[in-house]
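What's in model37.cif: mmCIF, C-alpha atoms
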data_input
#
loop_
_atom_site.label_atom_id
_atom_site.label_comp_id
_atom_site.auth_asym_id
_atom_site.auth_seq_id
_atom_site.Cartn_x
_atom_site.Cartn_y
_atom_site.Cartn_z
CA ALA A 247 109.44 63.35 62.57
CA PHE A 248 107.39 63.47 65.78
CA GLN A 249 105.41 61.05 67.88
CA VAL A 250 101.77 60.74 66.80
CA THR A 251 99.09 61.20 69.47
CA ASP A 252 95.61 59.69 69.69
CA GLU A 253 94.07 63.13 69.15
CA GLN A 254 96.03 63.63 65.94
CA LEU A 255 94.74 60.31 64.58
CA LEU A 256 91.21 61.52 65.20
CA LYS A 257 91.86 64.92 63.61
CA VAL A 258 93.07 63.41 60.33
CA GLY A 259 89.82 61.52 59.86
CA TRP A 260 89.95 58.31 61.85
CA LYS A 261 86.59 57.66 63.47
CA HIS A 262 86.45 56.33 67.02
CA ASP A 263 84.88 53.02 66.01
CA GLU A 264 87.29 52.55 63.10
CA ILE A 265 90.29 53.07 65.36
CA LYS A 266 88.92 50.78 68.03
CA ARG A 267 88.18 48.07 65.48
CA SER A 268 91.44 48.31 63.56
CA LYS A 269 94.89 49.42 64.63
CA PHE A 270 94.25 51.75 67.55
CA PRO A 271 94.68 49.14 70.32
CA ILE A 272 98.08 48.30 68.84
CA LEU A 273 99.06 51.91 68.14
CA GLU A 274 98.12 52.90 71.68
CA LYS A 275 100.89 50.67 73.05
CA ALA A 276 103.37 51.34 70.25
CA GLU A 277 105.91 54.06 69.53
CA VAL A 278 104.15 55.87 66.68
CA ILE A 279 106.28 58.26 64.62
CA GLY A 280 104.91 60.62 61.98
CA TRP A 281 105.77 63.32 59.46
CA PHE A 282 103.69 66.49 59.66
CA GLU A 283 103.11 69.46 57.42
CA ASP A 284 101.50 72.42 59.20
CA GLU A 285 100.27 70.07 61.95
CA ARG A 286 98.75 67.78 59.32
CA LEU A 287 99.79 64.14 59.49
CA ALA A 288 101.43 63.13 56.19
CA ALA A 289 102.89 59.70 57.04
CA GLN A 290 103.29 57.43 60.03
CA ILE A 291 104.97 54.24 61.18
CA ALA A 292 104.59 52.35 64.45
CA VAL A 293 106.98 50.12 66.38
CA TYR A 294 105.27 47.68 68.70
CA PRO A 295 107.48 46.09 71.40
CA LEU A 296 107.23 42.30 71.35
CA GLN A 297 109.29 39.23 72.18
CA VAL A 298 110.31 36.42 69.84
CA ASN A 299 112.12 33.12 70.32
CA ILE A 300 115.28 32.84 68.23
CA SER A 301 117.09 29.53 68.63
CA GLY A 302 115.99 29.25 72.23
CA SER A 303 116.72 32.83 73.31
CA ILE A 304 113.86 35.26 73.94
CA TYR A 305 114.69 38.48 72.08
CA GLU A 306 113.21 41.92 72.51
CA MET A 307 111.80 42.71 69.07
CA GLY A 308 110.40 45.78 67.34
CA TYR A 309 107.41 44.90 65.16
CA ILE A 310 106.66 47.39 62.39
CA THR A 311 102.95 48.07 61.87
CA GLY A 312 100.55 50.92 61.12
CA VAL A 313 102.57 52.04 58.08
CA ALA A 314 100.71 54.68 56.08
CA THR A 315 101.36 57.66 53.79
CA TYR A 316 98.67 59.95 52.42
CA PRO A 317 98.55 59.83 48.58
CA GLU A 318 99.55 63.47 48.10
CA TYR A 319 102.78 62.82 50.01
CA MET A 320 103.79 59.67 48.14
CA GLY A 321 107.20 59.70 46.46
CA LEU A 322 108.71 62.34 48.75
CA GLY A 323 110.87 59.94 50.73
CA LEU A 324 108.94 60.45 53.97
CA MET A 325 108.62 56.75 54.71
CA SER A 326 112.36 56.19 54.24
CA GLY A 327 113.02 58.76 56.91
CA LEU A 328 110.44 57.22 59.23
CA MET A 329 111.91 53.75 58.76
CA LYS A 330 115.35 54.96 59.78
CA LYS A 331 113.90 56.80 62.76
CA SER A 332 111.98 53.68 63.82
CA LEU A 333 115.17 51.58 63.65
CA GLU A 334 117.01 54.15 65.73
CA THR A 335 114.18 53.94 68.27
CA MET A 336 114.53 50.14 68.41
CA TYR A 337 118.29 50.45 68.82
CA GLY A 338 117.80 52.76 71.78
CA ARG A 339 115.42 50.25 73.37
CA ASN A 340 117.74 47.26 72.93
CA GLN A 341 115.44 45.66 70.37
CA SER A 342 118.15 43.97 68.31
CA ILE A 343 115.80 42.56 65.66
CA SER A 344 112.72 43.78 63.82
CA PHE A 345 109.88 41.87 62.16
CA LEU A 346 107.10 43.02 59.86
CA TYR A 347 104.44 41.79 57.46
CA PRO A 348 105.33 43.48 54.15
CA TYR A 349 102.95 45.29 51.84
CA SER A 350 105.92 45.72 49.47
CA HIS A 351 108.83 43.28 49.52
CA PRO A 352 111.12 45.53 47.38
CA LEU A 353 110.58 48.55 49.64
CA TYR A 354 111.48 46.77 52.85
CA ARG A 355 114.25 44.72 51.25
CA HIS A 356 115.86 47.99 50.14
CA LYS A 357 115.89 49.08 53.79
CA GLY A 358 117.48 45.88 55.10
CA TRP A 359 114.57 43.56 55.83
CA GLU A 360 114.49 40.13 54.19
CA VAL A 361 112.02 37.27 53.99
CA VAL A 362 112.59 34.79 56.82
CA SER A 363 109.48 32.58 56.79
CA ASP A 364 106.83 31.07 54.53
CA LYS A 365 103.11 30.57 54.82
CA MET A 366 101.84 27.27 53.47
CA THR A 367 98.17 26.65 52.76
CA TYR A 368 96.48 23.32 52.24
CA GLN A 369 93.20 21.93 50.96
CA ILE A 370 92.24 18.38 52.00
CA ARG A 371 89.21 16.47 50.74
CA ASP A 372 87.14 14.62 53.33
CA HIS A 373 88.20 11.19 52.06
CA GLN A 374 91.88 12.12 52.51
CA LEU A 375 91.61 12.67 56.25
CA PRO A 376 93.47 10.17 58.49
CA ARG A 377 91.54 7.18 59.73
CA ASP A 378 91.59 5.06 62.91
CA ILE A 379 93.88 7.29 64.93
CA ASP A 380 94.48 5.78 68.36
CA VAL A 381 95.74 8.16 71.04
CA PRO A 382 95.49 7.85 74.83
CA GLY A 383 94.11 11.36 75.42
CA ARG A 384 90.99 13.22 74.36
CA VAL A 385 89.90 16.55 72.84
CA LYS A 386 87.72 19.03 74.72
CA ARG A 387 86.17 22.25 73.45
CA VAL A 388 87.00 25.29 75.57
CA SER A 389 86.38 29.03 75.60
CA GLU A 390 88.66 31.41 73.71
CA ASN A 391 90.00 32.82 77.01
CA SER A 392 90.84 29.41 78.45
CA PRO A 393 93.97 29.55 80.64
CA ASP A 394 95.05 26.24 79.10
CA LEU A 395 95.00 27.81 75.63
CA ILE A 396 97.14 30.77 76.70
CA ALA A 397 99.57 28.56 78.61
CA LEU A 398 99.85 26.11 75.72
CA HIS A 399 100.88 28.77 73.24
CA ASP A 400 103.34 30.26 75.70
CA THR A 401 104.97 26.87 76.19
CA PHE A 402 105.00 26.30 72.43
CA ALA A 403 106.50 29.74 71.76
CA ARG A 404 109.30 29.27 74.27
CA GLN A 405 110.38 26.00 72.67
CA THR A 406 109.86 26.94 69.00
CA HIS A 407 112.40 28.86 66.93
CA GLY A 408 110.91 32.03 65.45
CA CYS A 409 107.66 31.95 67.38
CA LEU A 410 106.15 35.13 68.77
CA VAL A 411 105.57 35.24 72.53
CA ARG A 412 101.99 36.47 72.67
CA ASN A 413 101.12 39.07 75.26
CA GLU A 414 97.57 40.12 76.16
CA LEU A 415 97.29 42.66 73.35
CA VAL A 416 98.53 40.21 70.72
CA TRP A 417 95.82 37.78 71.82
CA GLU A 418 93.26 40.58 71.48
CA GLU A 419 94.51 41.22 67.96
CA TYR A 420 94.38 37.48 67.26
CA TRP A 421 90.64 37.41 67.98
CA ARG A 422 89.75 40.87 66.65
CA TRP A 423 88.30 39.91 63.28
CA ASP A 424 86.90 36.48 64.06
CA VAL A 425 83.20 35.69 63.89
CA GLU A 426 81.37 34.29 66.90
CA ASP A 427 81.26 30.76 65.53
CA VAL A 428 85.00 30.15 65.90
CA THR A 429 85.68 27.18 68.19
CA VAL A 430 88.70 26.27 70.31
CA ALA A 431 89.49 22.63 71.05
CA ILE A 432 92.34 21.36 73.24
CA TYR A 433 93.93 17.93 73.19
CA TYR A 434 94.60 16.64 76.71
CA GLY A 435 96.96 13.74 77.30
CA GLU A 436 96.22 10.67 79.40
CA ASP A 437 97.30 12.58 82.51
CA ASP A 438 94.90 15.42 81.58
CA ARG A 439 97.77 17.72 80.65
CA PRO A 440 97.05 20.08 77.70
CA LEU A 441 99.33 19.16 74.79
CA GLY A 442 97.87 20.90 71.74
CA TYR A 443 95.03 23.06 70.50
CA LEU A 444 92.96 23.77 67.43
CA VAL A 445 91.13 26.98 66.50
CA TYR A 446 88.57 26.41 63.75
CA LEU A 447 85.35 27.36 62.03
CA ILE A 448 82.91 25.13 60.11
CA GLU A 449 81.12 27.02 57.37
CA ASN A 450 79.46 25.90 54.12
CA ASP A 451 80.68 22.31 54.58
CA VAL A 452 84.28 23.47 54.95
CA PHE A 453 86.39 22.96 58.07
CA HIS A 454 88.58 26.10 58.33
CA VAL A 455 91.68 25.64 60.50
CA LYS A 456 92.78 29.01 61.85
CA GLU A 457 95.58 27.56 63.91
CA MET A 458 96.88 24.19 65.06
CA VAL A 459 99.57 24.04 67.73
CA TYR A 460 100.93 20.91 69.37
CA LEU A 461 103.76 20.09 71.74
CA ASN A 462 104.26 16.51 70.56
CA GLN A 463 103.17 14.07 67.88
CA GLU A 464 100.53 12.48 70.11
CA ALA A 465 98.73 15.83 70.23
CA ARG A 466 99.10 16.30 66.46
CA LYS A 467 97.50 12.92 65.82
CA GLY A 468 94.78 13.57 68.36
CA LEU A 469 93.83 16.91 66.78
CA TRP A 470 93.72 15.47 63.26
CA GLY A 471 91.62 12.62 64.59
CA TYR A 472 89.23 15.21 66.02
CA ILE A 473 89.02 16.92 62.61
CA ALA A 474 88.40 13.57 60.90
CA ALA A 475 85.52 12.93 63.31
CA HIS A 476 83.67 15.77 61.52
CA GLU A 477 83.81 13.90 58.19
CA SER A 478 80.03 13.60 57.88
CA MET A 479 79.64 17.38 58.32
CA ILE A 480 82.26 18.61 55.86
CA ASN A 481 83.53 18.20 52.32
CA GLU A 482 87.03 19.52 52.84
CA VAL A 483 89.52 21.00 55.30
CA VAL A 484 91.45 24.18 54.52
CA GLY A 485 94.05 25.96 56.58
CA SER A 486 97.57 27.32 56.85
CA ASN A 487 100.71 26.02 58.46
CA TYR A 488 103.98 27.75 59.20
CA ASN A 489 106.29 24.87 60.13
CA ASN A 490 107.70 24.45 56.58
CA HIS A 491 106.55 20.83 56.32
CA THR A 492 103.94 19.73 53.82
CA ILE A 493 100.72 18.14 55.02
CA SER A 494 100.74 15.73 52.07
CA PHE A 495 103.98 14.13 53.29
CA LEU A 496 102.53 13.62 56.77
CA PHE A 497 99.41 12.00 55.33
CA GLY A 498 101.19 10.08 52.59
CA ASP A 499 98.83 11.44 49.94
CA SER A 500 100.40 13.46 47.12
CA ASP A 501 97.02 14.42 45.66
CA MET A 502 96.54 17.38 48.01
CA LYS A 503 96.53 21.00 46.99
CA GLU A 504 99.18 22.98 48.83
CA THR A 505 100.59 26.43 48.15
CA ILE A 506 103.54 28.32 49.55
CA ARG A 507 104.28 32.04 49.65
CA PRO A 508 106.73 34.33 51.47
CA TYR A 509 105.32 35.60 54.75
CA ILE A 510 107.24 37.54 57.39
CA MET A 511 110.34 39.71 56.87
CA ALA A 512 112.97 40.54 59.48
CA ARG A 513 116.17 42.52 59.85
CA ILE A 514 118.88 42.69 62.47
CA VAL A 515 118.83 46.14 64.07
CA ASP A 516 121.96 45.77 66.15
CA PHE A 517 124.36 42.97 65.20
CA GLU A 518 126.37 43.17 68.41
CA GLY A 519 123.24 42.99 70.56
CA PHE A 520 121.83 40.20 68.42
CA PHE A 521 125.07 38.22 68.65
CA ARG A 522 125.13 38.38 72.46
CA GLN A 523 121.94 36.28 72.63
CA TYR A 524 122.37 34.13 69.54
CA HIS A 525 122.84 30.39 70.02
CA PHE A 526 125.17 28.85 67.46
CA SER A 527 124.48 25.15 66.95
CA ASN A 528 128.13 24.10 67.09
CA THR A 529 130.82 25.99 68.97
CA ASP A 530 133.26 23.13 69.54
CA ILE A 531 135.65 24.35 66.85
CA ASN A 532 138.79 26.44 66.83
CA GLU A 533 137.98 28.91 64.06
CA ALA A 534 137.03 32.53 63.48
CA VAL A 535 134.81 34.16 60.89
CA THR A 536 134.76 37.81 59.86
CA PHE A 537 131.35 39.07 58.76
CA GLU A 538 131.75 42.03 56.39
CA VAL A 539 128.27 43.50 56.83
CA ILE A 540 126.73 45.94 54.37
CA ASP A 541 124.02 48.06 55.97
CA THR A 542 123.24 51.24 54.05
CA VAL A 543 120.72 52.42 56.66
CA LEU A 544 122.37 51.83 60.05
CA GLU A 545 125.98 52.90 60.34
CA TRP A 546 126.69 50.87 63.49
CA ASN A 547 126.10 47.66 61.50
CA ASN A 548 127.94 48.79 58.37
CA ARG A 549 131.34 47.32 59.21
CA SER A 550 133.18 44.09 59.90
CA PHE A 551 132.59 41.83 62.90
CA THR A 552 134.84 38.88 63.75
CA VAL A 553 133.39 35.98 65.72
CA LYS A 554 135.88 33.66 67.44
CA PHE A 555 134.88 30.06 68.21
CA SER A 556 136.85 28.06 70.79
CA PRO A 557 136.10 24.55 72.13
CA GLY A 558 134.36 24.66 75.48
CA GLN A 559 133.81 28.41 75.38
CA ALA A 560 131.06 30.74 74.21
CA PRO A 561 131.77 32.54 70.91
CA VAL A 562 133.09 36.08 71.32
CA LEU A 563 133.62 39.14 69.15
CA VAL A 564 137.30 39.96 68.65
CA ASP A 565 139.17 42.81 66.99
CA GLU A 566 141.57 40.75 64.89
CA PRO A 567 140.12 39.91 61.44
CA SER A 568 140.03 36.32 60.23
CA GLU A 569 141.10 34.87 56.92
CA ASN A 570 137.64 33.25 56.86
CA ARG A 571 135.56 36.15 55.56
CA VAL A 572 131.99 36.44 54.39
CA LYS A 573 130.63 39.58 52.74
CA LEU A 574 126.85 40.06 52.75
CA GLU A 575 124.03 42.55 53.18
CA ILE A 576 122.28 42.90 56.55
CA GLY A 577 119.05 41.34 55.22
CA ILE A 578 120.85 38.27 53.91
CA LEU A 579 122.73 37.97 57.20
CA THR A 580 119.39 37.99 59.02
CA CYS A 581 117.92 35.44 56.61
CA MET A 582 120.93 33.14 57.08
CA LEU A 583 121.20 33.35 60.87
CA LEU A 584 117.46 32.73 61.26
CA GLY A 585 117.81 29.61 59.10
CA TYR A 586 115.55 30.56 56.21
CA LYS A 587 118.28 29.96 53.60
CA ARG A 588 121.47 27.98 54.08
CA PRO A 589 124.97 29.44 53.53
CA THR A 590 125.73 27.01 50.69
CA TYR A 591 122.63 28.07 48.76
CA LEU A 592 123.26 31.77 49.39
CA GLN A 593 126.78 31.39 48.01
CA GLN A 594 125.48 29.53 44.96
CA ILE A 595 123.06 32.33 44.07
CA GLU A 596 125.76 34.95 44.79
CA ARG A 597 124.08 36.57 47.78
CA ILE A 598 127.19 36.06 49.89
CA GLU A 599 130.89 36.20 49.02
CA ALA A 600 132.90 33.57 50.86
CA SER A 601 135.41 30.77 50.36
CA LYS A 602 134.36 27.12 50.48
CA LYS A 603 136.03 26.76 53.87
CA THR A 604 134.14 29.75 55.28
CA VAL A 605 130.85 28.42 53.96
CA ALA A 606 131.62 25.02 55.55
CA ILE A 607 132.23 26.74 58.90
CA LEU A 608 128.96 28.68 58.61
CA GLU A 609 127.09 25.48 57.75
CA SER A 610 128.45 23.85 60.89
CA VAL A 611 127.67 26.68 63.34
CA ILE A 612 124.22 27.82 62.11
CA ALA A 613 121.31 25.61 63.15
CA ASN A 614 119.41 23.94 60.33
CA GLU A 615 115.95 25.05 61.40
CA LYS A 616 113.46 27.45 59.86
CA ILE A 617 111.41 29.86 61.90
CA TYR A 618 107.75 29.42 62.79
CA PHE A 619 105.93 32.76 62.73
CA SER A 620 102.15 32.66 62.34
CA ASP A 621 100.91 35.99 63.69
CA TYR A 622 99.67 38.98 61.73
CA ILE A 623 99.56 42.21 63.72
#
Just give me the structure of the file as C-alpha cells.
Amino acid sequence: AFQVTDEQLLKVGWKHDEIKRSKFPILEKAEVIGWFEDERLAAQIAVYPLQVNISGSIYEMGYITGVATYPEYMGLGLMSGLMKKSLETMYGRNQSISFLYPYSHPLYRHKGWEVVSDKMTYQIRDHQLPRDIDVPGRVKRVSENSPDLIALHDTFARQTHGCLVRNELVWEEYWRWDVEDVTVAIYYGEDDRPLGYLVYLIENDVFHVKEMVYLNQEARKGLWGYIAAHESMINEVVGSNYNNHTISFLFGDSDMKETIRPYIMARIVDFEGFFRQYHFSNTDINEAVTFEVIDTVLEWNNRSFTVKFSPGQAPVLVDEPSENRVKLEIGILTCMLLGYKRPTYLQQIERIEASKKTVAILESVIANEKIYFSDYI
C-alpha cells in the first residue's frame, strides 16, 4: 500500500473536470492510500481529517471517503488491507474515532464500524403547516457565504452531540452539487442575533428543505413560520432531519409521511485515546467496570480496559479488573458510547454480555442522547 498522488489519479482515467467536480478537492487534503500492480492503481481509500463533537468534547476524527476498487481486483482482499492501513494512519495521528457513509453495511461492520445515527425524511402537505406562529424576531435571506451562516453552524456544532465541525472544505463540499436556485434564510432574534438558518429550494410546487439548524425553539418556530408563509406557492414540504425526533409529534399531526433509515457509521480507533476525552453523564458513583473489547482488526483495542468511577473525581483507567464486566465488539462499544443504542437494549438482543448490575451502571454513566450527523462527504 502506498500513498496515491494527483498524477496517478489522472493516469488511471480521471479527467481534470471530473476530479474537480467530484472527490478531488477532498482527496487533495486527505491521506489517500492505494494498492498498485505494476504502477497501476487497483484500489484506494482516503482518510480526511475532521473534527466532531462527542458529548461536548471536540474529537479529532478520521473520515473515510473515496473508497474504490477496480472490478478486476474485486474479491482479492485489497480493501481489507487498505482499511487496516487507514486505521493505523488515524491511530498515528491521534484520531481516536472514525466516521463514514457506508456503501455496504456488512463490509464495514465486519471491520469494526457500526451504525450510530439515522436519517429521517418527511413529507408535509401545505394544509399541515403550522399556523399563526408568533415570534419576536424575523427571517432574512442571505448569501450562501454569509458569515452569520458559518458562525451559526459552528455554534450549533459545538453544542450538539455528534455534529461535524465544518471547515472551509466541508462547506465547499456542502455546496458542490447544489443548483443556483438554492436559498439561505436566517432567523434573527429580537436583538438581531442569528439563532437559526434554513437552506431550501422551491421547485415544481415543492419546498425542499436541505437543512434546518436552530439554537433554540424560538428559532425553530420562526423558521417553520417562514416556510408556512410560502403556502400559496407550494403543495408540500419535503426534507430530512437528523435529530431523531419526528416532525409529526412536533406538529401534532399523525397523518404525515415520515421514513427512517440508518445513516452514518463510526468506530473507535483507539479506546484509550477516546476515553481520555469522553464525558460520562454520571461519575458520582463508587464503582468500576471492565470492558472486554473484541477488535479483530486493531490489536491495541483487543483487550480488557477497566474504568474506575469515584465521587468527585474524573474516571480513570486502572489495571485491576472489576467484577462488573461487559464483553462486546468494538462496533457495539462505539454504538453504545455514542448513545445510538442503550445498554439495556443491547443486552436484550445479546450484543453485549453483562450482569444486570453492570448494565445498570452503564445506563447511569452513559448519556441518553443520540448523535446528530447530517453531512455527506
Inset, instruction - Check what the PyMOL selection byres ((chain A and resi 288) around 9) selects in the file above and give those residues as a PyMOL selection string. - result: chain A and resi 280-283+286-287+289-290+314-319+324
How would you write, as a JSON list (two decimals) with C-alpha atoms, keeping the file's coordinate frame, the residues chosen by the PyMOL selection byres ((chain A and resi 351) around 12) on this structure?
[["chain", "number", "residue", "atom", "x", "y", "z"],
["A", 346, "LEU", "CA", 107.10, 43.02, 59.86],
["A", 347, "TYR", "CA", 104.44, 41.79, 57.46],
["A", 348, "PRO", "CA", 105.33, 43.48, 54.15],
["A", 349, "TYR", "CA", 102.95, 45.29, 51.84],
["A", 350, "SER", "CA", 105.92, 45.72, 49.47],
["A", 352, "PRO", "CA", 111.12, 45.53, 47.38],
["A", 353, "LEU", "CA", 110.58, 48.55, 49.64],
["A", 354, "TYR", "CA", 111.48, 46.77, 52.85],
["A", 355, "ARG", "CA", 114.25, 44.72, 51.25],
["A", 356, "HIS", "CA", 115.86, 47.99, 50.14],
["A", 357, "LYS", "CA", 115.89, 49.08, 53.79],
["A", 358, "GLY", "CA", 117.48, 45.88, 55.10],
["A", 359, "TRP", "CA", 114.57, 43.56, 55.83],
["A", 360, "GLU", "CA", 114.49, 40.13, 54.19],
["A", 361, "VAL", "CA", 112.02, 37.27, 53.99],
["A", 362, "VAL", "CA", 112.59, 34.79, 56.82],
["A", 508, "PRO", "CA", 106.73, 34.33, 51.47],
["A", 509, "TYR", "CA", 105.32, 35.60, 54.75],
["A", 510, "ILE", "CA", 107.24, 37.54, 57.39],
["A", 511, "MET", "CA", 110.34, 39.71, 56.87],
["A", 512, "ALA", "CA", 112.97, 40.54, 59.48],
["A", 577, "GLY", "CA", 119.05, 41.34, 55.22]]
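If you measure from each of A:Leu496, A:Met582, A:Val539, A:Leu544 to Pro376 in chain A using all atoms listed in the file, the closest one turns out to be A:Leu496.
Residues selected in this file by the PyMOL selection byres ((chain A and resi 457-460) around 9) comprise Leu398, His399, Phe402, Tyr433, Leu441, Gly442, Tyr443, Leu444, Val445, Tyr446, Val455, Lys456, Leu461, Asn462, Gln463, Glu464, Ala465, Arg466, Leu469, Gly485, Ser486, Asn487 and Ser620 of chain A.
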Legend entry - Computed interatomic separation between CA of Val381 in chain A and CA of Leu395 in chain A (Å): 20.2 Å
To test the calculation: enclose all listed atoms of range 515-518 of chain A in a box whose edges run along x, y and z, add 4 Å on each side, then state centre and edge lengths in Å to one decimal, as lines of an AutoDock Vina configuration file.
center_x = 122.6
center_y = 44.6
center_z = 66.2
size_x = 15.5
size_y = 11.2
size_z = 12.3
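Nearest to Ile514 in chain A of all the residues A:Ile576, A:Met502, A:Leu375, A:Val293 is A:Ile576, counting only C-alpha atoms.
One distance worth recording is that between CA of Arg513 in chain A and CA of Ala560 in chain A, which is 23.8 Å.
Residue nearest Val605 in chain A within the list A:Lys573, A:Trp421, A:His491, A:Gln405: A:Lys573 [criterion: smallest interatomic distance, all atoms listed in the file].
Note that CA of Asn299 in chain A and CA of Trp417 in chain A are 17.0 Å apart.
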Legend entry - Selection near Glu334 in chain A, 9 Å with only C-alpha atoms, sequence-local residues under 4 positions removed, as an MDAnalysis selection string: chainID A and resid 329:330 338:339 515 544
Legend entry - Distance criterion (all atoms listed in the file): nearest to Thr429 in chain A out of A:Arg412, A:Val313, A:Asn391, A:Ala403: A:Asn391
